[in-house]
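> Okay, so here is input.pdb, and as you'll see once you scroll down, it has PDB, C-alpha atoms.
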ATOM      1  CA  MET F  21      34.148 -34.989  29.764
ATOM      2  CA  LEU F  22      32.573 -33.627  32.932
ATOM      3  CA  LEU F  23      31.510 -36.605  35.035
ATOM      4  CA  GLY F  24      28.295 -36.641  37.080
ATOM      5  CA  GLY F  25      29.136 -36.096  40.752
ATOM      6  CA  VAL F  26      32.338 -36.886  42.604
ATOM      7  CA  ALA F  27      33.884 -39.982  44.031
ATOM      8  CA  ILE F  28      34.417 -38.984  47.687
ATOM      9  CA  GLY F  29      33.834 -36.229  50.186
ATOM     10  CA  TYR F  30      30.069 -35.811  50.249
ATOM     11  CA  THR F  31      29.377 -37.174  53.766
ATOM     12  CA  ALA F  32      31.495 -34.540  55.473
ATOM     13  CA  LEU F  33      29.844 -31.788  53.443
ATOM     14  CA  SER F  34      26.265 -32.947  54.011
ATOM     15  CA  GLY F  35      23.797 -31.247  56.299
ATOM     16  CA  THR F  36      22.318 -34.673  57.120
ATOM     17  CA  SER F  37      23.558 -37.164  59.669
ATOM     18  CA  PRO F  38      25.858 -39.979  58.512
ATOM     19  CA  GLY F  39      23.840 -42.691  56.785
ATOM     20  CA  GLU F  40      20.818 -40.418  56.332
ATOM     21  CA  ALA F  41      19.599 -38.519  53.300
ATOM     22  CA  ALA F  42      17.023 -35.845  52.575
ATOM     23  CA  HIS F  43      13.851 -37.015  50.849
ATOM     24  CA  SER F  44      12.937 -33.776  49.107
ATOM     25  CA  ILE F  45      14.524 -30.598  47.815
ATOM     26  CA  PRO F  46      14.438 -28.079  50.717
ATOM     27  CA  ALA F  47      11.895 -25.287  50.313
ATOM     28  CA  GLY F  48      11.516 -21.968  52.083
ATOM     29  CA  THR F  49      15.133 -21.814  53.168
ATOM     30  CA  GLY F  50      16.193 -18.959  50.907
ATOM     31  CA  PRO F  51      17.903 -19.145  47.502
ATOM     32  CA  ARG F  52      19.731 -22.412  47.008
ATOM     33  CA  LEU F  53      21.827 -24.152  44.405
ATOM     34  CA  MET F  54      21.081 -27.674  43.276
ATOM     35  CA  MET F  55      23.924 -29.872  42.083
ATOM     36  CA  LEU F  56      25.214 -33.423  42.097
ATOM     37  CA  SER F  57      27.399 -34.679  44.947
ATOM     38  CA  ASN F  58      28.799 -38.131  44.335
ATOM     39  CA  GLY F  59      26.091 -38.529  41.706
ATOM     40  CA  ARG F  60      23.296 -37.655  44.151
ATOM     41  CA  LEU F  61      20.943 -34.690  43.880
ATOM     42  CA  SER F  62      21.964 -32.170  46.505
ATOM     43  CA  THR F  63      21.335 -28.576  47.503
ATOM     44  CA  VAL F  64      23.317 -25.919  49.274
ATOM     45  CA  SER F  65      22.636 -22.344  50.338
ATOM     46  CA  ARG F  66      23.336 -19.803  47.593
ATOM     47  CA  SER F  67      24.878 -17.498  50.203
ATOM     48  CA  ASP F  68      27.191 -20.249  51.482
ATOM     49  CA  PRO F  69      27.820 -22.620  48.550
ATOM     50  CA  ALA F  70      30.784 -24.254  50.281
ATOM     51  CA  GLY F  71      28.691 -24.878  53.398
ATOM     52  CA  PRO F  72      26.554 -27.808  54.599
ATOM     53  CA  ARG F  73      24.639 -29.731  51.945
ATOM     54  CA  GLU F  74      21.355 -31.556  51.876
ATOM     55  CA  ILE F  75      21.932 -34.773  49.955
ATOM     56  CA  THR F  76      19.081 -36.907  48.637
ATOM     57  CA  GLU F  77      18.890 -40.545  47.603
ATOM     58  CA  GLN F  78      18.272 -39.647  43.950
ATOM     59  CA  ARG F  79      21.160 -40.615  41.682
ATOM     60  CA  CYS F  80      21.745 -38.883  38.357
ATOM     61  CA  ASP F  81      24.534 -38.548  35.810
ATOM     62  CA  ARG F  82      23.296 -35.062  34.899
ATOM     63  CA  ALA F  83      20.612 -32.919  36.476
ATOM     64  CA  TYR F  84      18.953 -29.524  36.274
ATOM     65  CA  ALA F  85      15.945 -27.861  37.909
ATOM     66  CA  ALA F  86      13.643 -24.845  37.649
ATOM     67  CA  SER F  87      10.319 -23.873  39.222
ATOM     68  CA  GLY F  88       9.844 -27.182  40.997
ATOM     69  CA  THR F  89      10.659 -29.424  38.027
ATOM     70  CA  ILE F  90      13.798 -31.552  38.197
ATOM     71  CA  SER F  91      15.368 -33.322  35.234
ATOM     72  CA  CYS F  92      17.504 -36.295  36.213
ATOM     73  CA  LEU F  93      19.407 -38.281  33.589
ATOM     74  CA  ARG F  94      19.862 -41.581  35.317
ATOM     75  CA  PRO F  95      23.040 -43.530  34.682
ATOM     76  CA  VAL F  96      23.400 -46.478  32.372
ATOM     77  CA  GLY F  97      23.967 -49.638  34.384
ATOM     78  CA  ALA F  98      25.430 -53.018  33.543
ATOM     79  CA  LEU F  99      21.940 -54.532  33.338
ATOM     80  CA  LYS F 100      19.827 -51.536  32.360
ATOM     81  CA  ALA F 101      19.693 -48.654  29.930
ATOM     82  CA  GLY F 102      19.571 -45.058  31.036
ATOM     83  CA  GLU F 103      16.435 -42.970  31.384
ATOM     84  CA  LEU F 104      15.163 -39.453  31.881
ATOM     85  CA  ALA F 105      13.309 -39.019  35.155
ATOM     86  CA  VAL F 106      11.180 -35.887  35.553
ATOM     87  CA  LEU F 107      10.672 -35.203  39.262
ATOM     88  CA  ASP F 108       8.851 -32.628  41.362
ATOM     89  CA  SER F 109      10.396 -30.847  44.355
ATOM     90  CA  GLN F 110       9.355 -33.742  46.595
ATOM     91  CA  LEU F 111      11.310 -36.054  44.279
ATOM     92  CA  LYS F 112       8.131 -37.739  43.115
ATOM     93  CA  GLU F 113       8.463 -39.185  39.611
ATOM     94  CA  LEU F 114       6.170 -37.402  37.175
ATOM     95  CA  ARG F 115       7.415 -39.178  34.057
ATOM     96  CA  THR F 116      10.232 -41.459  32.992
ATOM     97  CA  VAL F 117      11.469 -41.760  29.432
ATOM     98  CA  PRO F 118      13.696 -44.704  28.411
ATOM     99  CA  LEU F 119      16.831 -43.520  26.632
ATOM    100  CA  THR F 120      19.578 -45.179  24.640
ATOM    101  CA  GLY F 121      22.961 -43.538  24.992
ATOM    102  CA  PHE F 122      25.195 -41.929  27.586
ATOM    103  CA  PRO F 123      23.806 -38.895  29.507
ATOM    104  CA  ASN F 124      25.516 -35.656  28.625
ATOM    105  CA  ARG F 125      23.364 -32.496  28.985
ATOM    106  CA  THR F 126      19.957 -31.565  30.389
ATOM    107  CA  ARG F 127      17.994 -28.357  30.889
ATOM    108  CA  VAL F 128      14.592 -27.257  32.231
ATOM    109  CA  SER F 129      12.810 -24.104  31.080
ATOM    110  CA  ALA F 130      12.442 -21.291  33.622
ATOM    111  CA  SER F 131       8.743 -22.084  34.126
ATOM    112  CA  GLY F 132       9.497 -25.755  34.759
ATOM    113  CA  ARG F 133       7.346 -26.835  31.818
ATOM    114  CA  MET F 134       9.901 -27.951  29.221
ATOM    115  CA  VAL F 135      12.662 -30.512  29.721
ATOM    116  CA  ALA F 136      15.489 -31.228  27.273
ATOM    117  CA  TRP F 137      18.350 -33.702  27.213
ATOM    118  CA  THR F 138      21.335 -34.743  25.108
ATOM    119  CA  LEU F 139      22.935 -38.170  24.938
ATOM    120  CA  PHE F 140      26.050 -39.501  23.284
ATOM    121  CA  VAL F 141      24.907 -42.338  21.025
ATOM    122  CA  ASP F 142      28.342 -42.952  19.547
ATOM    123  CA  GLY F 143      31.585 -41.513  20.853
ATOM    124  CA  HIS F 144      32.155 -39.780  24.183
ATOM    125  CA  SER F 145      33.649 -36.388  23.323
ATOM    126  CA  TYR F 146      32.719 -33.335  21.276
ATOM    127  CA  ALA F 147      36.377 -33.098  20.325
ATOM    128  CA  ALA F 148      36.359 -36.475  18.589
ATOM    129  CA  ASN F 149      35.565 -37.142  14.974
ATOM    130  CA  GLY F 150      32.526 -39.227  14.159
ATOM    131  CA  PHE F 151      30.612 -38.698  17.420
ATOM    132  CA  SER F 152      26.824 -38.927  17.342
ATOM    133  CA  THR F 153      24.285 -37.324  19.685
ATOM    134  CA  SER F 154      20.566 -37.585  20.325
ATOM    135  CA  THR F 155      18.687 -34.579  21.717
ATOM    136  CA  GLY F 156      15.052 -34.637  22.795
ATOM    137  CA  ILE F 157      12.438 -32.375  24.410
ATOM    138  CA  PHE F 158       9.478 -33.195  26.670
ATOM    139  CA  ASP F 159       6.527 -30.870  27.358
ATOM    140  CA  THR F 160       5.352 -31.656  30.891
ATOM    141  CA  LYS F 161       2.066 -29.755  30.366
ATOM    142  CA  THR F 162       0.819 -31.468  27.201
ATOM    143  CA  GLY F 163       2.836 -34.668  27.387
ATOM    144  CA  ALA F 164       4.291 -34.015  23.918
ATOM    145  CA  LEU F 165       7.557 -35.896  23.516
ATOM    146  CA  VAL F 166      10.149 -35.372  20.796
ATOM    147  CA  GLN F 167      12.770 -38.096  21.001
ATOM    148  CA  SER F 168      15.168 -36.378  18.583
ATOM    149  CA  LEU F 169      15.543 -32.917  17.094
ATOM    150  CA  GLU F 170      16.389 -34.714  13.883
ATOM    151  CA  GLU F 171      12.601 -34.992  13.491
ATOM    152  CA  PHE F 172      12.409 -31.200  13.066
ATOM    153  CA  THR F 173      12.581 -29.369   9.748
ATOM    154  CA  VAL F 174      15.777 -27.340   9.333
ATOM    155  CA  GLU F 175      14.967 -24.051   7.606
ATOM    156  CA  GLY F 176      17.035 -23.500   4.468
ATOM    157  CA  MET F 177      17.947 -27.166   4.208
ATOM    158  CA  PRO F 178      15.628 -29.326   2.075
ATOM    159  CA  GLN F 179      17.296 -32.382   3.578
ATOM    160  CA  LEU F 180      19.061 -32.862   6.892
ATOM    161  CA  PRO F 181      22.798 -33.445   6.341
ATOM    162  CA  VAL F 182      23.748 -37.022   7.168
ATOM    163  CA  ASP F 183      26.435 -35.786   9.567
ATOM    164  CA  ALA F 184      24.140 -33.381  11.464
ATOM    165  CA  ASN F 185      24.126 -33.511  15.265
ATOM    166  CA  PHE F 186      22.168 -31.461  17.805
ATOM    167  CA  TRP F 187      22.995 -30.806  21.451
ATOM    168  CA  GLY F 188      22.752 -28.405  24.367
ATOM    169  CA  VAL F 189      19.177 -27.042  24.399
ATOM    170  CA  THR F 190      18.378 -23.871  26.354
ATOM    171  CA  PHE F 191      14.829 -22.488  26.523
ATOM    172  CA  THR F 192      13.482 -18.949  26.182
ATOM    173  CA  ALA F 193      10.918 -17.486  28.592
ATOM    174  CA  ASP F 194       7.937 -18.376  26.366
ATOM    175  CA  ASP F 195       8.668 -22.147  26.654
ATOM    176  CA  ASN F 196       8.141 -22.632  22.911
ATOM    177  CA  ARG F 197      11.382 -21.236  21.516
ATOM    178  CA  PHE F 198      14.791 -22.590  22.308
ATOM    179  CA  TYR F 199      18.429 -22.385  21.266
ATOM    180  CA  ALA F 200      20.812 -25.298  20.722
ATOM    181  CA  THR F 201      23.898 -26.311  18.740
ATOM    182  CA  MET F 202      23.766 -28.020  15.353
ATOM    183  CA  SER F 203      26.957 -29.373  13.834
ATOM    184  CA  THR F 204      27.494 -30.262  10.201
ATOM    185  CA  GLY F 205      30.853 -30.530   8.490
ATOM    186  CA  PRO F 206      33.299 -28.166  10.225
ATOM    187  CA  HIS F 207      30.505 -25.885  11.501
ATOM    188  CA  ARG F 208      28.855 -25.783  14.911
ATOM    189  CA  TYR F 209      26.014 -23.332  14.495
ATOM    190  CA  LEU F 210      23.776 -21.749  17.067
ATOM    191  CA  ILE F 211      20.213 -22.644  16.086
ATOM    192  CA  GLU F 212      16.868 -21.213  17.148
ATOM    193  CA  GLY F 213      14.015 -23.704  17.435
ATOM    194  CA  ASP F 214      10.221 -23.547  17.496
ATOM    195  CA  PHE F 215       8.818 -26.507  19.419
ATOM    196  CA  ALA F 216       5.200 -26.098  18.276
ATOM    197  CA  ALA F 217       6.156 -25.702  14.600
ATOM    198  CA  ARG F 218       8.790 -28.471  14.822
ATOM    199  CA  THR F 219      11.372 -26.302  13.047
ATOM    200  CA  VAL F 220      14.894 -25.091  13.728
ATOM    201  CA  ARG F 221      16.707 -22.213  12.065
ATOM    202  CA  PRO F 222      20.512 -22.176  11.861
ATOM    203  CA  LEU F 223      21.926 -18.781  12.810
ATOM    204  CA  THR F 224      24.838 -19.127  10.427
ATOM    205  CA  GLU F 225      26.327 -15.810  11.531
ATOM    206  CA  HIS F 226      26.965 -17.480  14.889
ATOM    207  CA  ASP F 227      29.363 -20.332  14.168
ATOM    208  CA  ASN F 228      31.454 -22.064  16.845
ATOM    209  CA  VAL F 229      28.717 -21.772  19.495
ATOM    210  CA  GLU F 230      28.465 -24.945  21.573
ATOM    211  CA  CYS F 231      26.270 -25.813  24.557
ATOM    212  CA  PRO F 232      24.412 -22.475  24.727
ATOM    213  CA  SER F 233      22.796 -21.218  27.917
ATOM    214  CA  LEU F 234      20.405 -18.258  27.779
ATOM    215  CA  SER F 235      20.764 -15.601  30.484
ATOM    216  CA  PRO F 236      17.796 -15.051  32.844
ATOM    217  CA  ASP F 237      17.062 -11.700  31.173
ATOM    218  CA  GLY F 238      17.080 -13.365  27.748
ATOM    219  CA  THR F 239      19.675 -11.039  26.226
ATOM    220  CA  ARG F 240      22.859 -13.113  26.190
ATOM    221  CA  ILE F 241      24.042 -16.649  25.616
ATOM    222  CA  ALA F 242      26.904 -18.204  27.554
ATOM    223  CA  TYR F 243      28.581 -21.032  25.689
ATOM    224  CA  LYS F 244      31.843 -22.823  25.039
ATOM    225  CA  ALA F 245      33.814 -21.693  21.981
ATOM    226  CA  ALA F 246      36.381 -24.017  20.459
ATOM    227  CA  VAL F 247      39.838 -22.423  20.602
ATOM    228  CA  ASN F 248      40.779 -21.356  17.061
ATOM    229  CA  GLY F 249      37.631 -23.156  15.923
ATOM    230  CA  ASP F 250      39.231 -26.516  16.761
ATOM    231  CA  PRO F 251      37.637 -28.524  19.618
ATOM    232  CA  GLN F 252      40.805 -30.574  19.963
ATOM    233  CA  GLN F 253      42.491 -27.398  21.248
ATOM    234  CA  GLY F 254      39.884 -27.057  23.992
ATOM    235  CA  TRP F 255      37.042 -24.628  24.696
ATOM    236  CA  ARG F 256      36.854 -21.072  26.056
ATOM    237  CA  VAL F 257      33.754 -20.010  28.000
ATOM    238  CA  SER F 258      32.307 -16.944  26.260
ATOM    239  CA  VAL F 259      29.166 -14.801  26.193
ATOM    240  CA  LEU F 260      27.284 -13.725  23.059
ATOM    241  CA  ASP F 261      25.133 -10.597  23.136
ATOM    242  CA  LEU F 262      22.139 -11.472  20.958
ATOM    243  CA  ALA F 263      21.326  -7.846  20.076
ATOM    244  CA  THR F 264      24.808  -6.732  19.038
ATOM    245  CA  SER F 265      26.484 -10.093  18.221
ATOM    246  CA  ARG F 266      29.369  -9.001  20.433
ATOM    247  CA  ILE F 267      31.353 -11.917  21.875
ATOM    248  CA  THR F 268      33.013 -11.591  25.272
ATOM    249  CA  PRO F 269      35.530 -14.297  26.276
ATOM    250  CA  LEU F 270      35.257 -14.765  30.036
ATOM    251  CA  ALA F 271      38.129 -14.687  32.502
ATOM    252  CA  GLU F 272      38.287 -18.495  32.660
ATOM    253  CA  THR F 273      41.122 -19.533  30.341
ATOM    254  CA  ARG F 274      41.120 -23.276  31.065
ATOM    255  CA  SER F 275      39.301 -25.588  28.696
ATOM    256  CA  VAL F 276      35.693 -26.059  29.820
ATOM    257  CA  ASP F 277      33.670 -28.926  28.361
ATOM    258  CA  ASP F 278      30.318 -28.185  29.987
ATOM    259  CA  GLN F 279      27.052 -26.359  29.376
ATOM    260  CA  PRO F 280      27.388 -23.155  31.415
ATOM    261  CA  ALA F 281      24.658 -22.255  33.903
ATOM    262  CA  TRP F 282      23.668 -18.706  34.832
ATOM    263  CA  LEU F 283      23.488 -18.254  38.601
ATOM    264  CA  ASP F 284      22.030 -14.780  37.996
ATOM    265  CA  ASP F 285      22.283 -12.142  35.251
ATOM    266  CA  ARG F 286      25.876 -11.368  36.249
ATOM    267  CA  THR F 287      27.421 -14.762  37.016
ATOM    268  CA  VAL F 288      28.138 -17.860  34.937
ATOM    269  CA  ALA F 289      28.910 -21.252  36.506
ATOM    270  CA  TYR F 290      30.460 -24.347  34.946
ATOM    271  CA  GLY F 291      32.119 -27.602  35.929
ATOM    272  CA  ILE F 292      35.782 -28.467  35.625
ATOM    273  CA  GLN F 293      37.256 -31.869  36.276
ATOM    274  CA  ARG F 294      40.493 -32.002  38.241
ATOM    275  CA  ASP F 295      43.479 -34.127  37.345
ATOM    276  CA  ASP F 296      42.423 -36.601  40.071
ATOM    277  CA  GLY F 297      39.017 -37.082  38.440
ATOM    278  CA  LEU F 298      36.995 -35.067  40.956
ATOM    279  CA  ASN F 299      34.848 -32.140  39.834
ATOM    280  CA  ASP F 300      34.282 -28.623  41.123
ATOM    281  CA  VAL F 301      31.728 -26.035  40.112
ATOM    282  CA  TRP F 302      33.427 -22.740  39.274
ATOM    283  CA  SER F 303      31.941 -19.322  38.579
ATOM    284  CA  VAL F 304      33.083 -16.164  36.826
ATOM    285  CA  PRO F 305      31.578 -12.740  36.043
ATOM    286  CA  ALA F 306      29.642 -12.679  32.776
ATOM    287  CA  ASP F 307      31.213  -9.419  31.584
ATOM    288  CA  GLY F 308      34.740 -10.757  31.129
ATOM    289  CA  THR F 309      36.133  -9.192  34.283
ATOM    290  CA  GLY F 310      37.153 -10.758  37.568
ATOM    291  CA  THR F 311      38.791 -14.048  38.408
ATOM    292  CA  PRO F 312      37.355 -17.571  38.332
ATOM    293  CA  ARG F 313      36.588 -19.015  41.752
ATOM    294  CA  ILE F 314      35.304 -22.311  43.085
ATOM    295  CA  GLU F 315      31.586 -21.888  43.686
ATOM    296  CA  ILE F 316      30.814 -25.416  44.949
ATOM    297  CA  PRO F 317      33.662 -27.809  45.725
ATOM    298  CA  GLU F 318      33.363 -31.464  44.718
ATOM    299  CA  ALA F 319      30.152 -31.059  42.714
ATOM    300  CA  SER F 320      28.742 -30.850  39.192
ATOM    301  CA  SER F 321      25.510 -29.942  37.304
ATOM    302  CA  PRO F 322      24.768 -26.631  39.082
ATOM    303  CA  ALA F 323      21.310 -25.056  38.908
ATOM    304  CA  PRO F 324      19.943 -22.069  40.864
ATOM    305  CA  ILE F 325      16.658 -22.842  42.654
ATOM    306  CA  GLY F 326      14.460 -21.039  45.153
TER     307      GLY F 326
END
Show me, as structure tokens, the structure contained in the file I just sent.


Amino acid sequence: MLLGGVAIGYTALSGTSPGEAAHSIPAGTGPRLMMLSNGRLSTVSRSDPAGPREITEQRCDRAYAASGTISCLRPVGALKAGELAVLDSQLKELRTVPLTGFPNRTRVSASGRMVAWTLFVDGHSYAANGFSTSTGIFDTKTGALVQSLEEFTVEGMPQLPVDANFWGVTFTADDNRFYATMSTGPHRYLIEGDFAARTVRPLTEHDNVECPSLSPDGTRIAYKAAVNGDPQQGWRVSVLDLATSRITPLAETRSVDDQPAWLDDRTVAYGIQRDDGLNDVWSVPADGTGTPRIEIPEASSPAPIG
């Protein structure tokens, strides 16, 4: 699993003085990337992602941001359960939602209105048998909260299969529709959801699509595809063209257990854990060409902001 943050190295990379931390996400400093450094929300210049970082006091296991809304899945502690914290760009808490489970994925819609998260309720790997997830969505405008997509009606299924799991939400530009993964039996389908109607529709022609991430232009989905359809063999980062159904495996051939993030319409980023337990954010062209490169060393949970 991709762990939130890294264990060492963030002080030397920070743009703050030793012992200090930023108290808001920098604004007006050009395009930046948000990520986690040692489990803390951080930002770095998009033009110099290996350069100095601004590191805040906010701790998260997973994080994402868009249009001034930050989703922070706070870690489970020895004496407390985890929670979703919705923050603004000044790191002010707008809403907290108590959660039961281990933080795994989170996304914010491009407008900043919708926030989604996935937790492991039982098990800690998508490659294991018998794992169980819980995926919810929060509408920051209306306050509507769906604790689990299992509350939604699945089109074409009069009853939800007992082994069904949902994870990895990604929102469309209209804030109402979204894509995610639904597993049942040996299948891991891409699904399209309607938040207002409380329905999801399995796109059964798109099997083996996990942790989808919609491109900024809304035409493609980056995701992890199980090698030979078997998660125990690892995952290959790929891109699905929604209009043509064409699948393009990307140049990254290592197993990637993460929800990819689009840095722009041409570049896909993802986290990979090293053998020593540290994490790096890598990137690769979305058209299958090029060579993977480290985008942000010793970091995880990338999100383009600004």

> Write out as a VMD selection string which residues come within 12 Å of Pro251 of chain F when counting all atoms listed in the file, dropping same-chain ones fewer than 2 positions away.

chain F and resid 145 to 149 206 to 208 228 to 230 244 to 249 253 to 256 275 to 277

> Which residue is closest to Gly188 of chain F? Choose from F:Ser62, F:Asn124, F:Ser168, F:Thr224 and count all atoms listed in the file.

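Closest to Gly188 of chain F, using all atoms listed in the file: F:Asn124.
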
> Atom CA of Ala130 of chain F and atom CA of Glu74 of chain F, how far apart in Å?

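Going from atom CA of Glu74 of chain F over to atom CA of Ala130 of chain F, I get 22.8 Å.
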
> Would you tabulate, counting all atoms listed in the file, all residues of segment 157-259 of chain F that have an atom at most 10 Å from an atom of segment 264-268 of chain F, showing the closest pair of atoms and their distance in Å to one decimal, sorted by chain then ascending number, as CSV?


residue,atom,partner,partner_atom,distance
F:Glu225,CA,F:Ser265,CA,8.8
F:His226,CA,F:Ser265,CA,8.1
F:Thr239,CA,F:Thr264,CA,9.8
F:Arg240,CA,F:Ser265,CA,9.3
F:Ile241,CA,F:Ile267,CA,9.5
F:Ala242,CA,F:Thr268,CA,9.3
F:Val257,CA,F:Thr268,CA,8.9
F:Ser258,CA,F:Thr268,CA,5.5
F:Val259,CA,F:Thr268,CA,5.1

> Generate a file of the selected residues that holds C-alpha atoms, formatted as a PDB file, in the frame of the given file.


ATOM      1  CA  GLU F 225      26.327 -15.810  11.531  1.00  0.00           C
ATOM      2  CA  HIS F 226      26.965 -17.480  14.889  1.00  0.00           C
ATOM      3  CA  THR F 239      19.675 -11.039  26.226  1.00  0.00           C
ATOM      4  CA  ARG F 240      22.859 -13.113  26.190  1.00  0.00           C
ATOM      5  CA  ILE F 241      24.042 -16.649  25.616  1.00  0.00           C
ATOM      6  CA  ALA F 242      26.904 -18.204  27.554  1.00  0.00           C
ATOM      7  CA  VAL F 257      33.754 -20.010  28.000  1.00  0.00           C
ATOM      8  CA  SER F 258      32.307 -16.944  26.260  1.00  0.00           C
ATOM      9  CA  VAL F 259      29.166 -14.801  26.193  1.00  0.00           C
TER      10      VAL F 259
END

> Which one of F:Arg66, F:Arg221, F:Arg94, F:Arg115 sits closest to Asp159 of chain F if you count only C-alpha atoms?

F:Arg115

> Which residues would end up in the selection if the PyMOL selection byres ((chain F and resi 271) around 8) were applied here, given that I need the answer as a list in words?

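Against this file, the PyMOL selection byres ((chain F and resi 271) around 8) returns the residues Pro269, Leu270, Glu272, Thr273, Val304, Pro305, Gly308, Thr309, Gly310, Thr311 and Pro312 of chain F.
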
> May I ask for the distance between atom CA of Phe186 of chain F and atom CA of Thr126 of chain F, given in Å to one decimal place?

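Separation of atom CA of Phe186 of chain F and atom CA of Thr126 of chain F: 12.8 Å.
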
> Starting from the point (20.6, -27.7, 38.1), work out which residues of protein, DNA or RNA have an atom no more than 6 Å away when counting all atoms listed in the file; state them as a list in words.

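Every residue inside that radius is included here: Met54, Met55, Ala83, Tyr84, Ala85, Ser321, Pro322 and Ala323 of chain F.
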